[in-house]
Amino acid sequence: MTVPETMLAIDPERPGGPEVLLPVRRPVPRPGAGEVLIQVAAAGINRPEVMQRMGLYPAPPGAPSILGLEAAGTIVAAGPEVADVIGQPVCALVSGGGYAEYVVAPLGQCLPVPAALTMIEAAAMPETLFTVWTNVFERAYAADGDWLLVHGGTSGIGMMAIALARLFHLTVLVTAGSDAKCQAARDAGAAEAINYRTEDFVARVLDITGGRGVDVVLDMVGGDYVPRNLECLAEEGRHVSIAVQRGAEVKVPLWQVMRKRLVLTGSTLRARDTAFKSLVADELVRTVWPFVEQGRLKPAIDSTFPLAQAADAHRRMESGEHIGKIVLTLG
């Protein structure tokens, strides 16, 4: 196909509220060595994009200013060192640029879209899948039989953690902010869900586990949650931080860390290099993608919005009412 010179994209000229997310025309990017150009069918919405829009999370050096960390579509062009990929349906983890009609992605960060997935479902996979896999299964080395506690259980990451836990034989507990969300998490496969607005999650976790605690905590909250999370951990437990919604400064009770031989770790994904993300993609293709191809792993979709309504999509995310992923559609 002939690739046009310009495209519609969401590329805010200044930080601000959702109202800055207006479609504008931008040049279609050109793929470099090892890269492909994807005609985007759908793009996932993620919390880091909301923070970037607000001016709180700048894009890493070299990343597009156009928002969007994941997209799905069809490869329509390829750069040097890439062959025999034109026409392939893929979803991709990108450092930016997903909220657009076309996006460039390193080929190593693309995953094939099987018949079992729609493009909307595929667009909702990469960011949460890469994040949960690298943090729960690699950094926290979760294994068959482990107990996992996830905060934000009905977020995109929370629902992906529940789905992966089910497939890899973990028992997952989650926290959520309403009884309805707690029920949605149970329906998705959580062993139990705790309403953090009405219950003490530490007491509930210890009660559910018979006082033992969990093996892994996946924490997106930070701040005063961290010492409470450590109370939830069993001996040899692992605490993984992936966001700091309640603050990056914490007081860590070191005696508890020493007594229970705990591991505190964490990571950010966006700034990692292509080589690392490509290695993760290879591992996902081997270990997780067979479940996707069989239709046994799908993202939970909350809602979809056309690209021109990106502002409404961000409002939906900021409302905190969503369960699962919010997705932009194109075409």
# chains A, B, ... in the order shown; residues from 1 in each chain; ligands from 1

$ select_by_dssp --residues "segment 194-250 of chain A" --states "alpha helix (DSSP H)" --output "count of residues only"
16

$ residues_around --residues "Tyr141 of chain A" --least-positions-apart "2" --cutoff "12 Å" --atoms "only C-alpha atoms" --output "list in words"
Val132, Trp133, Thr134, Asn135, Val136, Phe137, Glu138, Arg139, Ala143, Asp144, Gly145, Asp146, Trp147, Leu148, Phe168, Leu170, Asp215, Val216, Val217, Leu218, Glu236, Gly237, Arg238, His239, Val240, Val263 and Thr265 of chain A

$ closest_residue --among "A:Asp302, A:Glu321, A:Glu121, A:Glu13" --to "Ser178 of chain A" --atoms "only C-alpha atoms"
A:Glu321

$ closest_residue --among "A:Ser95, A:Thr329, A:Ser303, A:Thr175" --to "Ile162 of chain A" --atoms "only C-alpha atoms"
A:Thr175

$ residues_around --residues "segment 273-290 of chain A" --least-positions-apart "5" --cutoff "10 Å" --atoms "only C-alpha atoms" --output "PyMOL selection string"
chain A and resi 92-95+105-114+126+129-131+133-134+138+164+167-168+295-297

$ residues_around --residues "Thr198 of chain A" --least-positions-apart "4" --cutoff "10 Å" --atoms "only C-alpha atoms" --output "list in words"
Gly177, Ser178, Asp179 and Ile194 of chain A

$ closest_residue --among "A:Pro29, A:Gly44, A:Pro4, A:Pro23" --to "Gly156 of chain A" --atoms "only C-alpha atoms"
A:Gly44
